[in-house]
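*Asks:* I have a structure here, written as C-alpha cells, and I will follow up with some questions on it.
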Amino acid sequence: MKVIILGNAGAGKTTLARTLMASHPAALLSLDEVAFQGGMERRPLQESIAEVMRWIAGNQSWIIEGCYADIIEPLLEHGDELIFLNPGVEACIAHCLSRPWEPDKFESRSEQDAHLENLLRWVRSYESRVDEYGLARHRQLFEAFSGNKREVQDPRGYGP
C-alpha cells in the first residue's frame, strides 16, 4: 500500500490515515514534519522533497498526508492511490475547533489555541486561495493523476 492523502487543513487526513492503517499496517508521514524548518518558515522545497524521497525509500508500505501540492506533485509517481479528502470548509473548521492538543506540533495546549484563529482564517480561504494549499491546486493534482484515485467527503465513511 502506497497512499497519498491530499486535502485542506482540518479535512481529516490524519484520521483517515489511521483508519487505513488499522486494516493495512503502513508507515505514516505527515508532510507537516518535512515542510517547515523551526516554526512557521517553510523549508526549501527541494529539501522537503528529498527528505520525503528518503523516507519512501525506507518504507515498503506507506501513507503520506498533507496539504502541500508542491511537495505532493513529484511524489505522485511513487503512489498506488491518491485520496482527495474534501469534506467542505465548514467541516474542516469544525474539525479544527474540536482538534485535541497536538504535542508533536505545539509545546502546550495554550500555544496551540493561540494559533487557532490564524488557522481558521486560513482554512476558510481554501476555496479562494491560488497557492499550493488551495482547492484549485488540489483539484488540479487530483484530476491530473492517472492512477487509482478517489475523492472522499467523509473520512469516516471511507472503505478501502
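A note on labels: chains of the C-alpha cells are A, B, ... as shown, every chain counts residues from 1, and ligands are counted from 1 in their shown order.
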Quick one: everything within 12 Å of Arg121 (chain A), counting only C-alpha atoms, minus sequence neighbours fewer than 2 positions away in the same chain. Send it as a PDB file with C-alpha atoms, in the first residue's frame.

*Replies:*
ATOM      1  CA  ALA A   9      -6.224  21.618   6.999  1.00  0.00           C
ATOM      2  CA  VAL A  89     -14.725  24.187   4.531  1.00  0.00           C
ATOM      3  CA  GLU A  90     -17.330  24.116   7.323  1.00  0.00           C
ATOM      4  CA  CYS A  92     -12.744  21.459   8.252  1.00  0.00           C
ATOM      5  CA  ILE A  93     -13.450  24.361  10.604  1.00  0.00           C
ATOM      6  CA  CYS A  96     -10.077  22.305  13.773  1.00  0.00           C
ATOM      7  CA  HIS A 115      -2.668  29.767  16.686  1.00  0.00           C
ATOM      8  CA  LEU A 116      -6.308  28.731  16.253  1.00  0.00           C
ATOM      9  CA  GLU A 117      -7.711  31.988  14.839  1.00  0.00           C
ATOM     10  CA  ASN A 118      -4.989  32.146  12.179  1.00  0.00           C
ATOM     11  CA  LEU A 119      -5.627  28.510  11.305  1.00  0.00           C
ATOM     12  CA  VAL A 123      -8.957  27.117   6.401  1.00  0.00           C
ATOM     13  CA  ARG A 124     -11.801  29.474   5.443  1.00  0.00           C
ATOM     14  CA  SER A 125      -9.767  30.762   2.485  1.00  0.00           C
ATOM     15  CA  TYR A 126      -9.319  27.256   0.979  1.00  0.00           C
ATOM     16  CA  GLU A 127     -11.751  27.750  -1.894  1.00  0.00           C
ATOM     17  CA  SER A 128     -10.286  31.127  -2.920  1.00  0.00           C
ATOM     18  CA  ARG A 129      -6.558  30.502  -2.417  1.00  0.00           C
TER      19      ARG A 129
END

*Asks:* List the neighbours of Leu31 (chain A) out to 8 Å using only C-alpha atoms; skip same-chain residues closer than 5 positions along the sequence, and give me the result as an NGL selection string.

*Replies:* :A and (64-68)

*Asks:* If you run DSSP on this backbone, which residues of chain A come out as helix (DSSP H, G or I), and could you give them as a PyMOL selection string?

*Replies:* chain A and resi 13-23+32-35+45-57+69-78+89-98+109-114+116-124+135-144+155-157

*Asks:* Write out as a list in words each polymer residue whose atoms come within 8 Å of Trp101 (chain A), counting only C-alpha atoms; drop sequence neighbours fewer than 6 positions from it.

*Replies:*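 Result of the neighbour search: Ser108, Arg109 and Gln112 of chain A.
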
*Asks:* Where in region 51-115 of chain A does DSSP assign strand (DSSP E or B), given as a tab-separated table (two decimals) with C-alpha atoms, in the first residue's frame?

*Replies:*
chain	number	residue	atom	x	y	z
A	62	TRP	CA	3.26	3.84	3.46
A	63	ILE	CA	0.74	6.65	3.74
A	64	ILE	CA	1.69	10.27	3.18
A	65	GLU	CA	-0.77	13.00	4.12
A	66	GLY	CA	-0.73	16.74	3.72
A	81	GLU	CA	-3.51	5.65	-4.80
A	82	LEU	CA	-4.39	9.32	-4.35
A	83	ILE	CA	-7.21	10.22	-1.98
A	84	PHE	CA	-8.51	13.78	-2.21
A	85	LEU	CA	-10.23	14.38	1.12

*Asks:* With only C-alpha atoms as the atoms that count, which of A:Lys149, A:Lys2, A:Arg99, A:Arg139 lies nearest to Ala57 (chain A)?

*Replies:*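 Nearest to Ala57 (chain A): A:Lys2.
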